[in-house]
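Comments concern the structure below.
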Amino acid sequence: AMRASSPFWRRRRQVRFRRRLECWRSSRRNLSFTNITDAGCAALAAALDSGSLPALETINLHSSPASTTAMVAVREAVCEALAKARAAV
């Protein structure tokens with residue numbers, strides 16, 4: 001039997017998370033008290049950097065297991081995406 005922490009299941013969770021990101025249309029997201037990890041934060045920051053989430057203006061990652069460095073990277077990506085969107089207007 002495969003364990004929930006095996007690479008297969010971790011990859012499956014990452015793919016599921018990325019698919020959810022594609023469905024976001026709101027400008028605010030609250031991911032507080034979720035199980036978002038450093039890998040999830042990296043995927044979120046990459047999506048923001050690529051312009052996949054142009055409507056996202058605020059995000060809350062309070063009390064998630066991700067490291068402070070990963071959360072700061074996401075917040076910086078949100079700020080950069082906002083700056084790009086405002087410069088384009």
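Ordering of the structure tokens sets the chain letters (A, B, ...); residue numbers start at 1 within each chain; ligands are numbered from 1 in the order shown.
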
Shell around Glu57 of chain A at 7 Å using only C-alpha atoms, local window under 6 positions removed, as a list in words: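 Within the cut-off, the hits are Ser27, Arg28, Val78 and Leu82 of chain A.
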
Saved selection, atoms kept: C-alpha atoms, as a PDB file, in the first residue's frame:
```
ATOM      1  CA  SER A  27      -9.066  39.410  -5.660  1.00  0.00           C
ATOM      2  CA  ARG A  28      -8.728  38.025  -2.097  1.00  0.00           C
ATOM      3  CA  VAL A  78       1.556  39.481  -4.893  1.00  0.00           C
ATOM      4  CA  LEU A  82      -0.059  44.327  -8.302  1.00  0.00           C
TER       5      LEU A  82
END
```

Which of A:Ala87, A:Ala66, A:Ile36, A:Ala81 sits closest to Pro54 of chain A [using only C-alpha atoms]: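 Checking each candidate against Pro54 of chain A, we get A:Ala81 as the closest.
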
Å distance separating atom CA of Ala88 of chain A from atom CA of Thr69 of chain A, one decimal place: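 Distance between the two atoms: 28.6 Å.
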
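For the choices A:Ser63, A:Asn35, A:Ala42, A:Pro7, the atom-to-atom distance to Arg75 of chain A is smallest for A:Ala42 when using only C-alpha atoms.
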
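Take the candidates A:Ser50, A:Arg29, A:Ala55, A:Leu61 and check each one against Val74 of chain A using only C-alpha atoms; the shortest distance goes to A:Leu61.
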
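For the pair atom CA of Lys84 of chain A and atom CA of Cys41 of chain A, the interatomic distance is 20.1 Å.
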
Distance in Å - atom CA of Thr37 of chain A versus atom CA of Ala85 of chain A: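 Those two atoms sit 26.9 Å apart.
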
Residue nearest Ala45 of chain A among A:Glu76, A:Ser32, A:Pro65, A:Thr58 (counting only C-alpha atoms):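 For Ala45 of chain A, the nearest of the given residues is A:Glu76.
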